[in-house]
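Next comes upload.cif, a file with mmCIF, C-alpha atoms.
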data_run
loop_
_atom_site.group_PDB
_atom_site.id
_atom_site.type_symbol
_atom_site.label_atom_id
_atom_site.label_comp_id
_atom_site.auth_asym_id
_atom_site.auth_seq_id
_atom_site.Cartn_x
_atom_site.Cartn_y
_atom_site.Cartn_z
ATOM 1 C CA PHE A 1 38.459 236.295 141.105
ATOM 2 C CA THR A 2 41.994 237.432 140.505
ATOM 3 C CA VAL A 3 44.558 235.355 142.408
ATOM 4 C CA PRO A 4 48.375 235.262 142.139
ATOM 5 C CA VAL A 5 48.555 231.502 141.458
ATOM 6 C CA LYS A 6 46.205 228.859 140.105
ATOM 7 C CA PRO A 7 44.258 227.241 142.970
ATOM 8 C CA ASP A 8 44.764 223.547 143.623
ATOM 9 C CA LEU A 9 40.978 223.218 143.674
ATOM 10 C CA VAL A 10 37.874 225.343 143.187
ATOM 11 C CA ASN A 11 35.130 223.464 144.992
ATOM 12 C CA VAL A 12 31.801 224.935 143.885
ATOM 13 C CA ASP A 13 29.061 224.391 146.471
ATOM 14 C CA ALA A 14 31.608 223.027 148.931
ATOM 15 C CA GLU A 15 28.945 222.426 151.583
ATOM 16 C CA LYS A 16 26.732 220.501 149.128
ATOM 17 C CA ILE A 17 23.562 222.449 149.930
ATOM 18 C CA LEU A 18 22.469 223.815 146.548
ATOM 19 C CA LEU A 19 19.619 222.180 144.664
ATOM 20 C CA ALA A 20 21.216 222.232 141.235
ATOM 21 C CA LYS A 21 22.604 220.231 138.372
ATOM 22 C CA LYS A 22 26.335 220.884 138.494
ATOM 23 C CA GLN A 23 28.795 220.411 135.646
ATOM 24 C CA ASP A 24 32.425 220.602 136.712
ATOM 25 C CA ASN A 25 35.319 220.882 134.290
ATOM 26 C CA LYS A 26 38.012 219.900 136.765
ATOM 27 C CA SER A 27 41.213 218.221 135.734
ATOM 28 C CA LEU A 28 42.082 214.817 137.120
ATOM 29 C CA ASN A 29 44.742 216.424 139.341
ATOM 30 C CA GLU A 30 42.077 218.654 140.851
ATOM 31 C CA TYR A 31 39.903 215.633 141.595
ATOM 32 C CA VAL A 32 42.880 213.904 143.210
ATOM 33 C CA PHE A 33 43.435 216.964 145.402
ATOM 34 C CA GLN A 34 39.705 217.031 146.184
ATOM 35 C CA PHE A 35 39.712 213.430 147.372
ATOM 36 C CA PHE A 36 42.507 213.980 149.855
ATOM 37 C CA HIS A 37 41.571 217.465 151.063
ATOM 38 C CA ALA A 38 37.834 218.149 150.685
ATOM 39 C CA PRO A 39 36.005 216.954 153.814
ATOM 40 C CA LEU A 40 32.642 215.607 152.665
ATOM 41 C CA TYR A 41 31.377 212.231 151.466
ATOM 42 C CA VAL A 42 30.136 213.669 148.165
ATOM 43 C CA ASP A 43 33.521 215.330 147.550
ATOM 44 C CA ARG A 44 35.241 211.970 147.690
ATOM 45 C CA LEU A 45 32.504 210.212 145.721
ATOM 46 C CA GLU A 46 32.952 212.730 142.894
ATOM 47 C CA ALA A 47 36.708 212.195 142.987
ATOM 48 C CA ILE A 48 36.447 208.389 142.989
ATOM 49 C CA THR A 49 34.061 208.492 140.041
ATOM 50 C CA ALA A 50 36.430 210.754 138.093
ATOM 51 C CA ALA A 51 39.483 208.658 138.992
ATOM 52 C CA SER A 52 37.777 205.408 137.996
ATOM 53 C CA ALA A 53 37.638 206.599 134.378
ATOM 54 C CA ARG A 54 41.441 207.005 134.171
ATOM 55 C CA GLN A 55 42.922 204.235 136.288
ATOM 56 C CA GLN A 56 46.138 204.064 134.264
ATOM 57 C CA ASP A 57 47.061 207.479 135.688
ATOM 58 C CA PRO A 58 49.239 207.335 138.868
ATOM 59 C CA GLY A 59 47.108 209.954 140.606
ATOM 60 C CA ALA A 60 43.901 208.095 139.798
ATOM 61 C CA ARG A 61 45.385 204.843 141.060
ATOM 62 C CA LYS A 62 46.343 206.592 144.290
ATOM 63 C CA VAL A 63 42.713 207.684 144.769
ATOM 64 C CA MET A 64 41.308 204.215 144.021
ATOM 65 C CA ILE A 65 43.650 202.531 146.495
ATOM 66 C CA ALA A 66 42.997 205.103 149.215
ATOM 67 C CA ALA A 67 39.246 204.818 148.649
ATOM 68 C CA LEU A 68 39.362 201.115 149.513
ATOM 69 C CA ASN A 69 40.090 202.206 153.083
ATOM 70 C CA ASP A 70 37.722 205.189 153.211
ATOM 71 C CA LYS A 71 35.944 205.697 156.540
ATOM 72 C CA PHE A 72 32.533 205.480 154.825
ATOM 73 C CA PHE A 73 31.606 201.918 153.929
ATOM 74 C CA ARG A 74 29.649 202.961 150.821
ATOM 75 C CA LEU A 75 32.749 204.622 149.394
ATOM 76 C CA ARG A 76 34.759 201.475 150.087
ATOM 77 C CA MET A 77 32.037 199.565 148.229
ATOM 78 C CA THR A 78 32.132 202.032 145.354
ATOM 79 C CA ALA A 79 35.893 201.702 145.026
ATOM 80 C CA ILE A 80 35.764 197.895 145.054
ATOM 81 C CA ASN A 81 33.100 197.881 142.347
ATOM 82 C CA LEU A 82 34.959 200.390 140.152
ATOM 83 C CA ILE A 83 38.435 198.836 140.297
ATOM 84 C CA ASP A 84 39.635 197.923 136.798
ATOM 85 C CA PHE A 85 40.573 194.235 136.961
ATOM 86 C CA LYS A 86 42.475 194.516 133.686
ATOM 87 C CA ASN A 87 44.873 196.978 135.293
ATOM 88 C CA GLU A 88 47.447 194.525 136.653
ATOM 89 C CA ALA A 89 49.529 197.115 138.498
ATOM 90 C CA LEU A 90 46.484 198.491 140.296
ATOM 91 C CA LEU A 91 45.098 195.034 141.034
ATOM 92 C CA LYS A 92 48.399 193.916 142.533
ATOM 93 C CA GLU A 93 48.222 196.849 144.933
ATOM 94 C CA ALA A 94 44.525 196.346 145.653
ATOM 95 C CA ASN A 95 44.523 192.591 146.330
ATOM 96 C CA PRO A 96 46.125 192.730 149.804
ATOM 97 C CA ILE A 97 43.531 195.345 150.753
ATOM 98 C CA PHE A 98 40.730 193.177 149.352
ATOM 99 C CA ALA A 99 41.978 190.300 151.503
ATOM 100 C CA GLU A 100 42.080 192.483 154.610
ATOM 101 C CA LEU A 101 38.601 193.858 153.941
ATOM 102 C CA ALA A 102 37.307 190.330 153.342
ATOM 103 C CA LYS A 103 38.534 189.245 156.749
ATOM 104 C CA ASN A 104 38.057 192.266 158.975
ATOM 105 C CA ASP A 105 35.834 195.000 157.549
ATOM 106 C CA LYS A 106 33.106 196.114 159.966
ATOM 107 C CA SER A 107 30.577 196.189 157.130
ATOM 108 C CA THR A 108 29.463 192.744 155.978
ATOM 109 C CA ILE A 109 28.468 194.037 152.554
ATOM 110 C CA VAL A 110 31.995 195.405 152.094
ATOM 111 C CA GLN A 111 33.370 192.053 153.224
ATOM 112 C CA ALA A 112 31.183 190.284 150.677
ATOM 113 C CA ALA A 113 32.181 192.680 147.886
ATOM 114 C CA ALA A 114 35.878 192.189 148.694
ATOM 115 C CA ILE A 115 35.450 188.402 148.647
ATOM 116 C CA GLU A 116 33.697 188.647 145.282
ATOM 117 C CA ALA A 117 36.584 190.760 143.964
ATOM 118 C CA LEU A 118 39.052 188.068 145.017
ATOM 119 C CA ALA A 119 36.833 185.226 143.811
ATOM 120 C CA ARG A 120 36.543 186.528 140.268
ATOM 121 C CA GLN A 121 40.321 186.181 139.927
ATOM 122 C CA LYS A 122 40.162 182.419 140.667
ATOM 123 C CA ASN A 123 43.482 182.507 142.521
ATOM 124 C CA PRO A 124 43.984 179.462 144.826
ATOM 125 C CA ALA A 125 46.036 181.650 147.166
ATOM 126 C CA TYR A 126 42.787 183.167 148.452
ATOM 127 C CA LEU A 127 41.082 179.858 149.240
ATOM 128 C CA PRO A 128 41.931 180.169 152.991
ATOM 129 C CA VAL A 129 40.287 183.616 152.993
ATOM 130 C CA PHE A 130 37.108 182.143 151.495
ATOM 131 C CA LYS A 131 37.041 179.226 153.922
ATOM 132 C CA GLN A 132 37.443 181.528 156.901
ATOM 133 C CA ALA A 133 34.697 183.826 155.641
ATOM 134 C CA PHE A 134 32.380 180.857 155.043
ATOM 135 C CA THR A 135 32.187 180.276 158.801
ATOM 136 C CA GLY A 136 30.838 183.799 159.429
ATOM 137 C CA GLN A 137 27.293 184.698 160.450
ATOM 138 C CA SER A 138 26.433 187.003 157.539
ATOM 139 C CA TYR A 139 24.518 185.395 154.676
ATOM 140 C CA SER A 140 26.051 187.837 152.185
ATOM 141 C CA VAL A 141 29.586 186.992 153.329
ATOM 142 C CA GLN A 142 28.843 183.279 153.463
ATOM 143 C CA GLY A 143 27.348 183.338 149.975
ATOM 144 C CA ALA A 144 30.304 185.205 148.466
ATOM 145 C CA ALA A 145 32.752 182.863 150.198
ATOM 146 C CA LEU A 146 30.885 179.746 149.037
ATOM 147 C CA THR A 147 30.940 181.014 145.461
ATOM 148 C CA GLY A 148 34.686 181.689 145.725
ATOM 149 C CA ILE A 149 35.336 178.179 147.041
ATOM 150 C CA ALA A 150 33.231 176.571 144.311
ATOM 151 C CA LEU A 151 35.060 178.493 141.583
ATOM 152 C CA LEU A 152 38.327 176.980 142.794
ATOM 153 C CA ASP A 153 37.101 173.538 143.885
ATOM 154 C CA HIS A 154 33.715 172.353 142.561
ATOM 155 C CA THR A 155 33.674 169.262 144.786
ATOM 156 C CA GLU A 156 34.393 171.201 147.967
ATOM 157 C CA GLY A 157 31.905 173.892 146.999
ATOM 158 C CA LEU A 158 29.209 171.278 146.490
ATOM 159 C CA ARG A 159 30.049 169.619 149.816
ATOM 160 C CA LEU A 160 29.874 172.877 151.742
ATOM 161 C CA ALA A 161 26.672 173.913 149.992
ATOM 162 C CA LYS A 162 24.976 170.786 151.323
ATOM 163 C CA THR A 163 25.980 171.702 154.890
ATOM 164 C CA VAL A 164 24.079 175.002 154.742
ATOM 165 C CA GLU A 165 21.282 174.356 152.242
ATOM 166 C CA LYS A 166 18.525 174.093 154.868
ATOM 167 C CA GLU A 167 19.280 177.239 156.859
ATOM 168 C CA SER A 168 20.708 179.378 154.041
ATOM 169 C CA LYS A 169 18.951 182.620 153.129
ATOM 170 C CA GLY A 170 19.526 185.563 150.836
ATOM 171 C CA ALA A 171 22.924 185.579 149.145
ATOM 172 C CA ALA A 172 23.866 182.266 150.776
ATOM 173 C CA ARG A 173 20.761 180.574 149.372
ATOM 174 C CA GLN A 174 21.512 182.054 145.947
ATOM 175 C CA ALA A 175 25.079 180.680 146.097
ATOM 176 C CA VAL A 176 23.741 177.227 146.962
ATOM 177 C CA MET A 177 21.301 177.477 144.054
ATOM 178 C CA ASP A 178 24.066 178.513 141.653
ATOM 179 C CA ILE A 179 26.322 175.635 142.702
ATOM 180 C CA TYR A 180 23.538 173.060 142.553
ATOM 181 C CA SER A 181 22.356 174.341 139.189
ATOM 182 C CA GLY A 182 25.805 174.164 137.653
ATOM 183 C CA ALA A 183 27.249 171.014 139.172
ATOM 184 C CA GLY A 184 24.534 169.167 141.083
ATOM 185 C CA GLY A 185 22.962 165.771 140.505
ATOM 186 C CA PRO A 186 19.291 164.734 140.719
ATOM 187 C CA ASP A 187 19.028 165.476 144.461
ATOM 188 C CA GLU A 188 20.479 168.945 144.052
ATOM 189 C CA MET A 189 18.232 169.648 141.063
ATOM 190 C CA ALA A 190 15.236 168.602 143.160
ATOM 191 C CA PHE A 191 16.323 171.142 145.796
ATOM 192 C CA VAL A 192 16.486 173.909 143.194
ATOM 193 C CA VAL A 193 13.060 173.013 141.810
ATOM 194 C CA LYS A 194 11.515 172.941 145.288
ATOM 195 C CA ALA A 195 13.107 176.273 146.216
ATOM 196 C CA PHE A 196 11.803 177.802 142.983
ATOM 197 C CA ASP A 197 8.301 176.412 143.519
ATOM 198 C CA ASN A 198 8.142 177.765 147.076
ATOM 199 C CA ALA A 199 9.552 181.194 146.251
ATOM 200 C CA SER A 200 7.634 184.433 145.858
ATOM 201 C CA THR A 201 7.382 186.019 142.420
ATOM 202 C CA SER A 202 10.225 188.455 143.075
ATOM 203 C CA GLU A 203 12.369 185.645 144.469
ATOM 204 C CA ARG A 204 11.690 183.550 141.376
ATOM 205 C CA PHE A 205 12.939 186.317 139.129
ATOM 206 C CA GLN A 206 16.081 186.537 141.262
ATOM 207 C CA MET A 207 16.518 182.768 140.941
ATOM 208 C CA MET A 208 15.782 182.699 137.219
ATOM 209 C CA GLU A 209 19.370 182.530 135.977
ATOM 210 C CA SER A 210 20.181 179.640 138.324
ATOM 211 C CA PHE A 211 16.954 177.871 137.415
ATOM 212 C CA VAL A 212 17.654 178.121 133.691
ATOM 213 C CA MET A 213 21.230 176.961 134.324
ATOM 214 C CA MET A 214 19.784 173.890 136.036
ATOM 215 C CA LEU A 215 17.515 173.257 133.042
ATOM 216 C CA GLY A 216 20.621 173.290 130.879
ATOM 217 C CA ASN A 217 21.969 170.329 132.874
ATOM 218 C CA MET A 218 18.681 168.404 132.898
ATOM 219 C CA ASN A 219 18.661 165.439 130.493
ATOM 220 C CA ASP A 220 15.197 163.927 130.958
ATOM 221 C CA THR A 221 12.896 165.589 128.438
ATOM 222 C CA ASP A 222 9.662 165.135 130.433
ATOM 223 C CA ALA A 223 11.247 166.723 133.514
ATOM 224 C CA PHE A 224 12.716 169.460 131.351
ATOM 225 C CA ARG A 225 9.401 170.189 129.689
ATOM 226 C CA SER A 226 7.457 170.474 132.964
ATOM 227 C CA ASN A 227 10.070 172.715 134.585
ATOM 228 C CA PHE A 228 10.626 174.855 131.500
ATOM 229 C CA LYS A 229 6.859 175.487 131.529
ATOM 230 C CA LYS A 230 7.336 177.264 134.865
ATOM 231 C CA VAL A 231 9.584 179.722 133.048
ATOM 232 C CA THR A 232 7.256 180.199 130.094
ATOM 233 C CA ASP A 233 4.249 180.619 132.408
ATOM 234 C CA MET A 234 6.030 183.520 134.122
ATOM 235 C CA ILE A 235 6.943 185.021 130.762
ATOM 236 C CA GLN A 236 3.297 184.849 129.713
ATOM 237 C CA GLN A 237 1.958 186.130 133.028
ATOM 238 C CA TYR A 238 4.209 189.197 132.993
ATOM 239 C CA LYS A 239 4.284 189.715 129.224
ATOM 240 C CA GLN A 240 2.995 193.270 129.587
ATOM 241 C CA TYR A 241 6.276 194.176 131.322
ATOM 242 C CA GLY A 242 8.417 192.819 128.483
ATOM 243 C CA ILE A 243 9.795 189.941 130.565
ATOM 244 C CA GLY A 244 10.071 187.672 127.528
ATOM 245 C CA HIS A 245 12.351 190.020 125.632
ATOM 246 C CA GLN A 246 14.441 190.564 128.759
ATOM 247 C CA MET A 247 14.911 186.814 129.051
ATOM 248 C CA LEU A 248 15.812 186.189 125.402
ATOM 249 C CA PRO A 249 19.618 186.145 126.016
ATOM 250 C CA LEU A 250 19.112 183.562 128.770
ATOM 251 C CA LEU A 251 16.859 181.415 126.595
ATOM 252 C CA LYS A 252 19.244 181.586 123.645
ATOM 253 C CA MET A 253 22.077 180.514 125.908
ATOM 254 C CA LEU A 254 19.951 177.558 127.068
ATOM 255 C CA ARG A 255 19.194 176.565 123.471
ATOM 256 C CA GLU A 256 22.882 176.676 122.516
ATOM 257 C CA GLN A 257 23.760 174.608 125.558
ATOM 258 C CA LYS A 258 21.284 171.905 124.542
ATOM 259 C CA ILE A 259 22.469 171.914 120.925
ATOM 260 C CA ASN A 260 26.129 171.597 121.926
ATOM 261 C CA LYS A 261 25.419 168.814 124.420
ATOM 262 C CA ALA A 262 23.380 166.956 121.796
ATOM 263 C CA LYS A 263 26.420 166.966 119.503
ATOM 264 C CA GLU A 264 28.675 165.652 122.257
ATOM 265 C CA SER A 265 26.362 162.951 123.660
ATOM 266 C CA LYS A 266 25.226 160.228 121.275
ATOM 267 C CA GLY A 267 23.045 158.450 123.819
ATOM 268 C CA LEU A 268 21.116 161.586 124.746
ATOM 269 C CA SER A 269 21.245 163.331 121.403
ATOM 270 C CA ASN A 270 17.559 162.879 120.544
ATOM 271 C CA GLN A 271 16.327 164.057 123.951
ATOM 272 C CA LEU A 272 18.607 167.087 124.031
ATOM 273 C CA THR A 273 17.716 168.024 120.446
ATOM 274 C CA ALA A 274 14.039 167.840 121.378
ATOM 275 C CA GLN A 275 14.679 170.116 124.360
ATOM 276 C CA ALA A 276 16.520 172.599 122.162
ATOM 277 C CA GLU A 277 13.481 172.672 119.872
ATOM 278 C CA ILE A 278 11.173 173.370 122.832
ATOM 279 C CA VAL A 279 13.310 176.368 123.736
ATOM 280 C CA SER A 280 13.467 177.481 120.094
ATOM 281 C CA GLN A 281 9.687 177.547 119.869
ATOM 282 C CA GLU A 282 9.486 179.810 122.919
ATOM 283 C CA ILE A 283 12.144 182.111 121.462
ATOM 284 C CA LYS A 284 10.203 182.347 118.182
ATOM 285 C CA THR A 285 7.007 183.149 120.070
ATOM 286 C CA ILE A 286 8.649 185.953 122.014
ATOM 287 C CA GLU A 287 10.388 187.400 118.954
ATOM 288 C CA SER A 288 7.133 187.418 117.018
ATOM 289 C CA GLU A 289 5.479 189.595 119.658
ATOM 290 C CA LYS A 290 5.843 193.351 119.601
#
Structure translated into structure tokens:
Amino acid sequence: FTVPVKPDLVNVDAEKILLAKKQDNKSLNEYVFQFFHAPLYVDRLEAITAASARQQDPGARKVMIAALNDKFFRLRMTAINLIDFKNEALLKEANPIFAELAKNDKSTIVQAAAIEALARQKNPAYLPVFKQAFTGQSYSVQGAALTGIALLDHTEGLRLAKTVEKESKGAARQAVMDIYSGAGGPDEMAFVVKAFDNASTSERFQMMESFVMMLGNMNDTDAFRSNFKKVTDMIQQYKQYGIGHQMLPLLKMLREQKINKAKESKGLSNQLTAQAEIVSQEIKTIESEK
């Protein structure tokens, strides 16, 4: 089409009704224009995705910040998840919005995502936000808030985890498991073991990282051996799905943890070295399988 000036945007299939694989060659400026002027969800999703790849650009930053307040909660979620946390200028502009979303967003999953975005920065200034969110009714919000508190104050995180351990579910239960696995004593470890034993297969796989983290903090070799067998039994049971190879990074991390602790602790060196060898044998078995 011949036109007197270059269009700000050519939006192919503007109504999003064609069944097709579309390859656009739009410039970033065109995607910025699309975000603020094209009316549909998919228009803005395309623009956010394009902007996320070039967040140093002022136009891209403008899209990412605006997307945090988009009327569709899934686009707010997308923007939160795609924000570049290494971009200090963008993060400085985004943090007040994260805090507002954490406190007041109508979507609890957006609230939880915003809390997680603040928590990963480990900034004590956001501790009041986490504590307020912890009192909410949503398990996803409560779990994110509990994790944020524990990252800043292990003792307080452990204390609060104990207040909700019995009724916690979903993300809140996972947060309790993570805290207990990383910083708990014998009672907390017993809780993690019981939760793992009573869980369904899919729930056990979701808990696996926390469970292995707990094994890393377990000193008694007999207890370690019996609980590590629960992991190896699952690896064997679901070997046809390649579970063992998927778990290798986690097992290698556990082995390194035991080796390092053995070097640091003279009194427990023999037990921890023996545990590291148990893990090594499982790693060798998995690596020897095709």
Expected residue set, 12 Å radius at (38.0, 209.8, 139.8), all atoms listed in the file, as a PyMOL selection string | chain A and resi 26-36+43-67+78-79+82-83
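Take the candidates A:Arg204, A:Lys169, A:Lys239, A:Lys86 and check each one against Ser138 in chain A using all atoms listed in the file; the shortest distance goes to A:Lys169.
Taking CA of Lys252 in chain A and CA of Leu215 in chain A as the two end points, the separation is 12.7 Å.
Comparing the minimum interatomic distances between Glu165 in chain A and each of A:Ile286, A:Leu127, A:Val212, A:Met177, counting only C-alpha atoms, we find that A:Met177 sits nearest.
Computed from the coordinates, the CA of Leu101 in chain A to CA of Ala114 in chain A distance equals 6.1 Å.
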Can you sort out range 151-162 of chain A so it carries N, CA, C and O atoms, written as an mmCIF file, in the coordinates of the input?
data_model
loop_
_atom_site.group_PDB
_atom_site.id
_atom_site.type_symbol
_atom_site.label_atom_id
_atom_site.label_comp_id
_atom_site.auth_asym_id
_atom_site.auth_seq_id
_atom_site.Cartn_x
_atom_site.Cartn_y
_atom_site.Cartn_z
ATOM 1 N N LEU A 151 34.331 178.130 142.794
ATOM 2 C CA LEU A 151 35.060 178.493 141.583
ATOM 3 C C LEU A 151 36.440 177.835 141.539
ATOM 4 O O LEU A 151 36.970 177.556 140.465
ATOM 5 N N LEU A 152 37.002 177.593 142.718
ATOM 6 C CA LEU A 152 38.327 176.980 142.794
ATOM 7 C C LEU A 152 38.264 175.466 142.945
ATOM 8 O O LEU A 152 39.165 174.750 142.498
ATOM 9 N N ASP A 153 37.214 174.974 143.603
ATOM 10 C CA ASP A 153 37.101 173.538 143.885
ATOM 11 C C ASP A 153 35.611 173.169 143.863
ATOM 12 O O ASP A 153 34.910 173.326 144.856
ATOM 13 N N HIS A 154 35.140 172.661 142.715
ATOM 14 C CA HIS A 154 33.715 172.353 142.561
ATOM 15 C C HIS A 154 33.241 171.342 143.602
ATOM 16 O O HIS A 154 32.161 171.491 144.180
ATOM 17 N N THR A 155 34.060 170.327 143.854
ATOM 18 C CA THR A 155 33.674 169.262 144.786
ATOM 19 C C THR A 155 33.508 169.803 146.192
ATOM 20 O O THR A 155 32.525 169.515 146.883
ATOM 21 N N GLU A 156 34.466 170.624 146.630
ATOM 22 C CA GLU A 156 34.393 171.201 147.967
ATOM 23 C C GLU A 156 33.239 172.195 148.059
ATOM 24 O O GLU A 156 32.542 172.263 149.081
ATOM 25 N N GLY A 157 33.023 172.959 147.013
ATOM 26 C CA GLY A 157 31.905 173.892 146.999
ATOM 27 C C GLY A 157 30.575 173.171 147.128
ATOM 28 O O GLY A 157 29.686 173.611 147.881
ATOM 29 N N LEU A 158 30.438 172.057 146.424
ATOM 30 C CA LEU A 158 29.209 171.278 146.490
ATOM 31 C C LEU A 158 29.021 170.682 147.882
ATOM 32 O O LEU A 158 27.916 170.688 148.437
ATOM 33 N N ARG A 159 30.119 170.207 148.472
ATOM 34 C CA ARG A 159 30.049 169.619 149.816
ATOM 35 C C ARG A 159 29.607 170.658 150.846
ATOM 36 O O ARG A 159 28.725 170.407 151.673
ATOM 37 N N LEU A 160 30.208 171.835 150.783
ATOM 38 C CA LEU A 160 29.874 172.877 151.742
ATOM 39 C C LEU A 160 28.458 173.410 151.534
ATOM 40 O O LEU A 160 27.767 173.759 152.493
ATOM 41 N N ALA A 161 28.034 173.453 150.277
ATOM 42 C CA ALA A 161 26.672 173.913 149.992
ATOM 43 C C ALA A 161 25.655 173.010 150.684
ATOM 44 O O ALA A 161 24.643 173.500 151.216
ATOM 45 N N LYS A 162 25.912 171.724 150.709
ATOM 46 C CA LYS A 162 24.976 170.786 151.323
ATOM 47 C C LYS A 162 24.912 170.983 152.835
ATOM 48 O O LYS A 162 23.890 170.685 153.460
#
